[in-house]
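First comes the structure, then the notes that go with it.
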Amino acid sequence: MVVNVKTTPTLETTRVAPSQAAAVACDAPSQLFIGGQWVAAKGGRTFDVIDPSTADAIATVCDADIPDAMAAVEAAEKAAAAWKATPPRRRSDVLMKCFHLLLEQAEWLARLITVENGKALADARSEVAYAAEFFRWYAEEAVRSPGEFGPAPSGANQIIVSHEPIGIAVLVTPWNFPAAMATRKIAPALAAGCTCILKPAAETPLTALAIGELMRQAGVPAGVVNIVTTKRAGPVVSAMLHDKRVRKLSFTGSTGVGRILLREAADQVVSCSMELGGNAPFIVFDDADLETAVAGAMVAKMRNGGEACTAANRFYIQKRILADFTRRFAEEMAALKVGPGLAADKQLGPLITEAAVAKVDRLVEDAVAKGARLVTGGSRLSGEGFFYLPTVLANVSADAEILREEIFGPVAPIIAFDTEDEVVELANDTEYGLVSYVFSRDLKRALAVAGRLESGMVGINRGVVSDAAAPFGGMKQSGLGREGSHHGMLEYLETKYIAAAW
Ligand SMILES: NC(=O)C1=CN([C@@H]2O[C@H](COP(=O)(O)OP(=O)(O)OC[C@H]3O[C@@H](n4cnc5c(N)ncnc54)[C@H](OP(=O)(O)O)[C@@H]3O)[C@@H](O)[C@H]2O)C=CC1
Ligand SMILES: O=C(O)CCCC(=O)O
């Protein structure tokens with residue numbers, strides 16, 4: 001039933017010159033950004049940034065410890081009153097300037113993302129456009145803080161509801177979208193009138209620092225945005241969350257670390273927004289347009305090389321179209337050009353680390369050991385860098401770990417199904433609930449299924465849902481709160497109710 005597509009590793013040994021990656025990286029700042037100044041870590045320590053396509057060190061950045069984090073909180077506190085009092089229109093203008101500056105520097109930023117994250121340049125360019133969009137959206141949102149006014153039912157008073165900035169926000173971001181995850185948090189925080197401290201992932205600090213510099217050039221006042229790079233995420237973030245001046249945590253990353261941070265935040269009852277892991281089902285009914293479904297599958301799986309919490313993790317295909325879908329999808333996967341992200345013709349770069357490759361490999365081996373059939377791919381590439389071949393697995397058995405764990409790599413497990421009830425039950429059988437994808441020409445059915453899926457987002461006949469104008473977030477253990485759209489700004493606002501009589 002399933003057609004085997006011959007797999008030939010497509011990595012060409014021509015690596016991008018190491019000096020080329022280092023040259024891109026050396027234009028980025030490398031110090032901590034605190035109180036509007038670039039400063040060294042108080043302890044004088046630094047750490048290396050690695051190019052995942054070669055495993056070479058391409059830059060060195062400052063390694064902050066708790067005293068540096070406290071200095072950042074101090075700077076955010078000093079700037080807080082003035083930023084809160086800054087008219088929304090002015091805040092909006094500054095954010096719009098950030099949008100334009102990001103776009104002016106788009107090509108350099110994209111290359112910087114590629115050299116420290118590894119993703120193909122086309123993915124990096126899309127990320128920069130996506131990242132910039134958060135500045136534009138929240139520049140427009142900054143001037144639309146909502147309020148309410150009306151009589152209490154008793155007639156004794158008026159009910160006035162307004163919003164005010166929640167306070168200093170600590171923003172912890174992952175390496176997979178080093179620009180977009182930073183701007184998706186910084187932009188609404190600033191639009192709401194909050195000051196913040198960004199703690200980017202240790203794998204990808206350069207992009208965050210570069211965005212800090214662009215924000216400085218755009219006129220963001222000193223202390224409104226602070227950036228602390230560190231190899232000691234645990235103690236550094238914990239110290240900030242135990243400082244009474246910090247009132248907000250926004251985190252994107254694994255569910256495991258999310259749980260730790262929820263516990264840390266509990267001590268000072270810090271408000272938490274959590275964007276955690278996913279295990280997205282990708283459902284194709286047999287009335288779907290096959291071309292649309294395969295194109296959707298390529299995007300849902302391979303956007304960002306599969307390193308996205310939104311990545312399709314389980315492909316449920318209705319039996320009548322199983323063979324066709326698998327063949328066409330596997331052919332497209334096998335045709336992807338794998339290699340260093342900076343190389344112009346490459347569509348799939350390396351994974352982020354050796355550990356990530358080992359995890360993907362373990363999941364594939366476990367699935368095959370439990371009876372899955374390798375349709376294409378199924379191995380890492382020998383040689384330098386953290387490359388894994390685009391992989392399709394058919395007949396994946398229900399007990400395979402790959403159906404339970406977030407893959408975070410270019411691997412697509414396929415499972416057949418018969419009925420709508422069966423596939424809804426399978427799709428919901430996970431502790432995650434971030435996003436689901438449904439393909440069918442019958443919109444009534446697709447909407448009904450979307451309503452039954454336990455996920456915060458559903459793509460219908462579409463393999464990507466991410467949009468600065470839409471509320472991004474999950475149900476169950478995929479997270480708390482929403483980012484993007486006007487919902488995202490509410491995460492940085494306190495609601496104040498005044499009972500007023502006169
Ligand atoms: N939902 C999502 O978007 C993401 C999900 N993941 C999932 O997580 C897996 C592992 O990736 P990984 O990079 O380890 O993700 P993590 O959740 O460990 O990292 C995300 C961020 O949290 C920071 N962090 C890690 N531990 C702590 C801590 N104890 N206290 C405070 N901050 C902390 C990291 O800093 P540092 O880099 O210094 O460790 C990074 O800035 C992936 O394979 C994927 O499945 C990963 C990234 C994003
Ligand atoms: O994968 C993630 O870390 C979340 C961001 C993905 C997106 O916004 O599309």
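Chain labels A, B, ... are given in the sequence in which chains occur in the structure tokens; within each chain residues are numbered consecutively from 1, and ligands are likewise numbered from 1 in the order shown.
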Pull the alpha helix (DSSP H) assignments for range 152-267 of chain A out of DSSP run on the backbone, and list those residues as number ranges by chain. A: 180-192, 205-217, 233-241, 255-266
Could you save the residues just selected, with N, CA and C atoms, as a short mmCIF file (atom, residue, chain, number, x, y, z; two decimals), in the first residue's frame?
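again_27.cif was written with the following content:
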data_model
loop_
_atom_site.label_atom_id
_atom_site.label_comp_id
_atom_site.auth_asym_id
_atom_site.auth_seq_id
_atom_site.Cartn_x
_atom_site.Cartn_y
_atom_site.Cartn_z
N ALA A 180 11.16 36.16 16.55
CA ALA A 180 9.70 36.31 16.68
C ALA A 180 9.22 36.08 18.11
N MET A 181 9.87 35.16 18.84
CA MET A 181 9.42 34.95 20.21
C MET A 181 9.77 36.14 21.10
N ALA A 182 10.89 36.82 20.74
CA ALA A 182 11.26 38.02 21.50
C ALA A 182 10.27 39.15 21.22
N THR A 183 9.99 39.40 19.94
CA THR A 183 9.10 40.55 19.63
C THR A 183 7.66 40.25 20.02
N ARG A 184 7.27 38.95 20.00
CA ARG A 184 5.88 38.61 20.38
C ARG A 184 5.64 38.91 21.86
N LYS A 185 6.72 38.98 22.64
CA LYS A 185 6.57 39.31 24.07
C LYS A 185 6.88 40.79 24.34
N ILE A 186 7.99 41.28 23.73
CA ILE A 186 8.40 42.66 24.03
C ILE A 186 7.34 43.66 23.54
N ALA A 187 6.83 43.44 22.33
CA ALA A 187 5.93 44.46 21.73
C ALA A 187 4.65 44.66 22.56
N PRO A 188 3.93 43.59 22.95
CA PRO A 188 2.74 43.85 23.76
C PRO A 188 3.07 44.40 25.15
N ALA A 189 4.23 43.96 25.71
CA ALA A 189 4.62 44.48 27.03
C ALA A 189 4.78 46.00 26.94
N LEU A 190 5.51 46.44 25.92
CA LEU A 190 5.76 47.88 25.78
C LEU A 190 4.48 48.64 25.42
N ALA A 191 3.67 48.03 24.56
CA ALA A 191 2.41 48.70 24.19
C ALA A 191 1.53 48.90 25.42
N ALA A 192 1.56 47.93 26.32
CA ALA A 192 0.73 48.02 27.53
C ALA A 192 1.31 49.00 28.54
N PRO A 205 21.58 33.77 21.44
CA PRO A 205 21.51 35.08 22.10
C PRO A 205 21.69 36.26 21.14
N LEU A 206 22.37 36.02 19.99
CA LEU A 206 22.78 37.14 19.14
C LEU A 206 21.59 37.88 18.53
N THR A 207 20.59 37.11 18.10
CA THR A 207 19.42 37.75 17.48
C THR A 207 18.72 38.66 18.48
N ALA A 208 18.59 38.18 19.72
CA ALA A 208 17.92 38.99 20.74
C ALA A 208 18.70 40.27 21.00
N LEU A 209 20.03 40.14 21.08
CA LEU A 209 20.86 41.33 21.33
C LEU A 209 20.76 42.30 20.15
N ALA A 210 20.72 41.76 18.94
CA ALA A 210 20.59 42.62 17.76
C ALA A 210 19.26 43.38 17.79
N ILE A 211 18.21 42.70 18.22
CA ILE A 211 16.90 43.38 18.32
C ILE A 211 16.96 44.46 19.39
N GLY A 212 17.68 44.19 20.47
CA GLY A 212 17.85 45.22 21.51
C GLY A 212 18.50 46.46 20.94
N GLU A 213 19.53 46.27 20.12
CA GLU A 213 20.23 47.42 19.53
C GLU A 213 19.29 48.19 18.58
N LEU A 214 18.51 47.46 17.80
CA LEU A 214 17.58 48.14 16.89
C LEU A 214 16.53 48.92 17.69
N MET A 215 16.11 48.37 18.81
CA MET A 215 15.12 49.07 19.64
C MET A 215 15.74 50.32 20.27
N ARG A 216 17.02 50.22 20.64
CA ARG A 216 17.71 51.42 21.16
C ARG A 216 17.73 52.49 20.08
N GLN A 217 18.09 52.08 18.86
CA GLN A 217 18.14 53.06 17.76
C GLN A 217 16.76 53.64 17.45
N ALA A 233 20.34 29.77 33.31
CA ALA A 233 18.94 30.20 33.23
C ALA A 233 18.19 29.96 34.53
N GLY A 234 18.40 28.79 35.14
CA GLY A 234 17.62 28.43 36.35
C GLY A 234 17.76 29.46 37.45
N PRO A 235 18.97 29.64 38.02
CA PRO A 235 19.12 30.59 39.12
C PRO A 235 18.83 32.04 38.72
N VAL A 236 19.20 32.42 37.50
CA VAL A 236 19.03 33.81 37.08
C VAL A 236 17.54 34.17 36.98
N VAL A 237 16.77 33.28 36.34
CA VAL A 237 15.32 33.57 36.21
C VAL A 237 14.64 33.45 37.57
N SER A 238 15.06 32.47 38.35
CA SER A 238 14.47 32.30 39.68
C SER A 238 14.67 33.56 40.52
N ALA A 239 15.89 34.12 40.48
CA ALA A 239 16.15 35.33 41.28
C ALA A 239 15.22 36.46 40.86
N MET A 240 15.01 36.60 39.58
CA MET A 240 14.12 37.70 39.12
C MET A 240 12.69 37.45 39.57
N LEU A 241 12.26 36.18 39.50
CA LEU A 241 10.86 35.88 39.88
C LEU A 241 10.65 36.01 41.39
N THR A 255 7.30 22.09 28.04
CA THR A 255 6.33 21.97 29.14
C THR A 255 7.06 21.67 30.45
N GLY A 256 8.16 20.92 30.38
CA GLY A 256 8.92 20.59 31.60
C GLY A 256 9.43 21.85 32.29
N VAL A 257 10.07 22.73 31.53
CA VAL A 257 10.58 23.97 32.12
C VAL A 257 9.40 24.88 32.52
N GLY A 258 8.35 24.84 31.74
CA GLY A 258 7.15 25.62 32.09
C GLY A 258 6.64 25.27 33.49
N ARG A 259 6.62 23.98 33.80
CA ARG A 259 6.16 23.54 35.13
C ARG A 259 7.07 24.09 36.23
N ILE A 260 8.40 24.03 35.97
CA ILE A 260 9.36 24.55 36.96
C ILE A 260 9.07 26.04 37.21
N LEU A 261 8.86 26.77 36.12
CA LEU A 261 8.69 28.22 36.25
C LEU A 261 7.36 28.58 36.90
N LEU A 262 6.33 27.77 36.67
CA LEU A 262 5.06 28.03 37.35
C LEU A 262 5.25 27.90 38.87
N ARG A 263 6.06 26.91 39.27
CA ARG A 263 6.33 26.74 40.71
C ARG A 263 7.15 27.93 41.23
N GLU A 264 8.15 28.34 40.46
CA GLU A 264 8.99 29.49 40.88
C GLU A 264 8.13 30.75 41.02
N ALA A 265 7.23 30.92 40.07
CA ALA A 265 6.40 32.14 40.05
C ALA A 265 5.39 32.13 41.19
N ALA A 266 5.08 30.95 41.71
CA ALA A 266 4.03 30.85 42.74
C ALA A 266 4.42 31.58 44.02
#
May I ask you to write as an MDAnalysis selection string all residues lying at most 7 Å from ligand 2, with only C-alpha atoms and all ligand atoms counted? chainID A and resid 174 176:177 181 252:253 307:310 466
Using only C-alpha atoms, what does the table of range 317-431 of chain A residues within 12 Å of range 115-121 of chain A look like, with each row giving the shortest atom pair and its distance in Å to one decimal, sorted by chain and ascending number, as CSV?
residue,atom,partner,partner_atom,distance
A:Leu336,CA,A:Ala120,CA,11.3
A:Lys337,CA,A:Ala120,CA,10.0
A:Val338,CA,A:Ala120,CA,8.9
A:Gly339,CA,A:Ala120,CA,8.2
A:Pro340,CA,A:Gly118,CA,7.0
A:Gly341,CA,A:Ala120,CA,3.8
A:Leu342,CA,A:Leu121,CA,5.7
A:Ala343,CA,A:Leu121,CA,7.8
A:Ala344,CA,A:Leu121,CA,7.4
A:Asp345,CA,A:Ala120,CA,9.0
A:Lys346,CA,A:Ala120,CA,6.3
A:Gln347,CA,A:Ala120,CA,5.6
A:Leu348,CA,A:Ala120,CA,5.5
A:Gly349,CA,A:Lys119,CA,4.8
A:Pro350,CA,A:Gly118,CA,5.5
A:Leu351,CA,A:Gly118,CA,6.7
A:Ile352,CA,A:Asn117,CA,6.0
A:Thr353,CA,A:Asn117,CA,9.2
A:Gly385,CA,A:Gly118,CA,9.3
A:Phe386,CA,A:Gly118,CA,8.9
A:Phe387,CA,A:Gly118,CA,9.6
A:Gly409,CA,A:Lys119,CA,11.5
A:Pro410,CA,A:Lys119,CA,11.9
With N, CA and C atoms kept, could you save the residues just selected as a compact mmCIF listing (two decimals), in the first residue's frame?
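The resulting file, out.txt, is shown below:
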# COMPACT_ATOMS: atom_id res chain seq x y z
N LEU A 336 13.61 17.50 -0.59
CA LEU A 336 14.12 18.70 0.07
C LEU A 336 15.65 18.70 0.07
N LYS A 337 16.22 19.86 -0.18
CA LYS A 337 17.68 19.97 -0.21
C LYS A 337 18.19 20.32 1.19
N VAL A 338 19.01 19.42 1.72
CA VAL A 338 19.50 19.56 3.10
C VAL A 338 20.91 20.12 3.08
N GLY A 339 21.20 21.06 3.94
CA GLY A 339 22.56 21.59 4.00
C GLY A 339 22.61 22.85 4.84
N PRO A 340 23.77 23.49 4.90
CA PRO A 340 23.92 24.70 5.72
C PRO A 340 22.90 25.76 5.32
N GLY A 341 22.26 26.35 6.32
CA GLY A 341 21.17 27.30 6.05
C GLY A 341 21.56 28.48 5.20
N LEU A 342 22.81 28.91 5.27
CA LEU A 342 23.23 30.08 4.48
C LEU A 342 23.39 29.76 3.00
N ALA A 343 23.54 28.47 2.66
CA ALA A 343 23.71 28.10 1.24
C ALA A 343 22.39 28.36 0.52
N ALA A 344 22.48 29.07 -0.59
CA ALA A 344 21.28 29.63 -1.23
C ALA A 344 20.22 28.59 -1.58
N ASP A 345 20.64 27.39 -2.00
CA ASP A 345 19.65 26.43 -2.51
C ASP A 345 19.12 25.48 -1.43
N LYS A 346 19.53 25.62 -0.18
CA LYS A 346 19.13 24.65 0.84
C LYS A 346 17.76 24.99 1.43
N GLN A 347 16.96 23.92 1.62
CA GLN A 347 15.61 24.13 2.17
C GLN A 347 15.51 23.65 3.61
N LEU A 348 16.45 22.81 4.02
CA LEU A 348 16.42 22.29 5.39
C LEU A 348 17.82 22.38 5.99
N GLY A 349 17.94 23.14 7.06
CA GLY A 349 19.22 23.27 7.75
C GLY A 349 19.37 22.20 8.82
N PRO A 350 20.36 22.36 9.67
CA PRO A 350 20.58 21.39 10.75
C PRO A 350 19.59 21.60 11.89
N LEU A 351 19.50 20.61 12.78
CA LEU A 351 18.79 20.80 14.05
C LEU A 351 19.67 21.65 14.95
N ILE A 352 19.12 22.02 16.10
CA ILE A 352 19.83 23.01 16.92
C ILE A 352 21.07 22.46 17.61
N THR A 353 21.01 21.22 18.07
CA THR A 353 22.14 20.65 18.83
C THR A 353 22.29 19.17 18.52
N GLY A 385 28.14 19.02 11.87
CA GLY A 385 26.81 19.64 11.94
C GLY A 385 25.76 18.67 12.41
N PHE A 386 24.57 19.23 12.72
CA PHE A 386 23.51 18.46 13.38
C PHE A 386 22.34 18.18 12.42
N PHE A 387 22.67 17.50 11.32
CA PHE A 387 21.66 17.31 10.26
C PHE A 387 20.91 15.98 10.43
N GLY A 409 11.59 18.00 14.97
CA GLY A 409 12.53 17.68 13.91
C GLY A 409 11.75 17.25 12.68
N PRO A 410 12.47 16.93 11.57
CA PRO A 410 11.83 16.72 10.27
C PRO A 410 11.27 15.31 10.07
Please provide as a short mmCIF file (atom, residue, chain, number, x, y, z; two decimals) with N, CA and C atoms, in the first residue's frame all residues within 10 Å of Asn395 in chain A, with the sequence filter that same-chain residues fewer than 3 positions apart are discarded (counting only C-alpha atoms).
data_model
loop_
_atom_site.label_atom_id
_atom_site.label_comp_id
_atom_site.auth_asym_id
_atom_site.auth_seq_id
_atom_site.Cartn_x
_atom_site.Cartn_y
_atom_site.Cartn_z
N VAL A 2 1.94 1.21 0.83
CA VAL A 2 2.79 2.38 0.93
C VAL A 2 3.99 2.22 -0.01
N ALA A 367 10.07 3.88 16.92
CA ALA A 367 8.90 3.64 16.06
C ALA A 367 9.15 2.45 15.14
N VAL A 368 10.34 2.41 14.55
CA VAL A 368 10.65 1.31 13.62
C VAL A 368 10.68 -0.02 14.39
N LYS A 370 8.96 -0.80 16.79
CA LYS A 370 7.58 -1.19 17.12
C LYS A 370 6.74 -1.40 15.87
N GLY A 371 7.40 -1.50 14.70
CA GLY A 371 6.68 -1.94 13.50
C GLY A 371 6.46 -0.88 12.45
N ALA A 372 6.91 0.35 12.67
CA ALA A 372 6.71 1.39 11.64
C ALA A 372 7.57 1.08 10.42
N ARG A 373 7.08 1.53 9.28
CA ARG A 373 7.83 1.32 8.04
C ARG A 373 8.44 2.65 7.60
N LEU A 374 9.77 2.60 7.36
CA LEU A 374 10.46 3.81 6.93
C LEU A 374 10.17 4.05 5.46
N VAL A 375 9.50 5.13 5.13
CA VAL A 375 9.18 5.40 3.73
C VAL A 375 10.29 6.23 3.09
N ALA A 398 0.38 2.37 17.81
CA ALA A 398 -0.16 3.28 18.83
C ALA A 398 0.76 3.43 20.03
N PRO A 413 5.24 10.93 11.31
CA PRO A 413 4.65 9.61 11.48
C PRO A 413 3.22 9.59 10.95
N ILE A 414 2.91 8.56 10.14
CA ILE A 414 1.58 8.48 9.52
C ILE A 414 0.79 7.32 10.12
N ILE A 415 -0.49 7.58 10.41
CA ILE A 415 -1.39 6.57 11.00
C ILE A 415 -2.68 6.59 10.19
N ALA A 416 -3.21 5.42 9.89
CA ALA A 416 -4.48 5.36 9.13
C ALA A 416 -5.67 5.44 10.09
#
Could you pull the residues within 9 Å of Ile159 in chain A, counting only C-alpha atoms, minus those fewer than 4 positions along the same chain, as a list of chain:residue names? A:Glu148, A:Phe149, A:Gly150, A:Pro151, A:Ala152, A:Tyr497, A:Ile498, A:Ala499, A:Ala500
Quick one: write out the picked residues with C-alpha atoms as a short mmCIF file (atom, residue, chain, number, x, y, z; two decimals), in the first residue's frame?
data_model
loop_
_atom_site.label_atom_id
_atom_site.label_comp_id
_atom_site.auth_asym_id
_atom_site.auth_seq_id
_atom_site.Cartn_x
_atom_site.Cartn_y
_atom_site.Cartn_z
CA GLU A 148 -15.95 50.16 30.51
CA PHE A 149 -18.36 52.49 32.24
CA GLY A 150 -21.93 51.82 33.40
CA PRO A 151 -24.37 51.88 36.29
CA ALA A 152 -24.32 49.17 38.97
CA TYR A 497 -12.55 48.31 38.80
CA ILE A 498 -13.68 51.49 40.52
CA ALA A 499 -17.11 51.74 42.19
CA ALA A 500 -17.80 55.47 41.97
#
Point-to-point distance in Å for CA of Arg247 in chain A and CA of Val270 in chain A: 5.0 Å
Could you go through range 231-464 of chain A and tell me which residues DSSP, when run on the backbone, assigns to strand (DSSP E or B), listing them as a ChimeraX atom specification? /A:246-252,271-275,280-284,312-318,338,348,373-376,380,388,391-394,411-417,435-439,457-460
Do you know which residues are at most 6 Å from Phe285 in chain A counting only C-alpha atoms, after dropping those on the same chain fewer than 3 positions away, and could you put them as an MDAnalysis selection string? chainID A and resid 288 318 440
Between CA of Glu127 in chain A and CA of Gly484 in chain A, what distance in Å does the model show, to one decimal? 14.8 Å
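When only C-alpha atoms are used to compute distances to Arg45 in chain A, the closest of the residues A:Glu406, A:Pro153, A:Glu104, A:Thr229 turns out to be A:Thr229.
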9 Å contact set for Ser273 in chain A, only C-alpha atoms, chain neighbours under 2 positions out, as a compact mmCIF listing (two decimals) with C-alpha atoms, in the first residue's frame:
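In the end it all went to part.txt:
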# COMPACT_ATOMS: atom_id res chain seq x y z
CA LYS A 248 4.85 39.15 35.10
CA LEU A 249 6.45 36.09 33.51
CA SER A 250 5.95 35.23 29.87
CA PHE A 251 7.63 31.98 28.84
CA THR A 252 7.89 30.01 25.61
CA SER A 271 1.18 36.39 36.68
CA GLU A 275 3.47 28.87 25.57
CA GLY A 479 0.02 26.51 28.04
CA LEU A 480 -1.78 29.35 29.72
CA GLY A 481 -2.84 32.62 28.13
CA ARG A 482 -2.56 33.89 24.57
CA GLU A 483 -0.03 35.86 22.56
CA GLU A 491 -1.65 39.50 29.40
Could you pull the residues within 12 Å of Gly378 in chain A, counting only C-alpha atoms, minus those fewer than 6 positions along the same chain, as a ChimeraX atom specification? /A:5-9,330,333-334,357,360-368,372,387-394,409-413
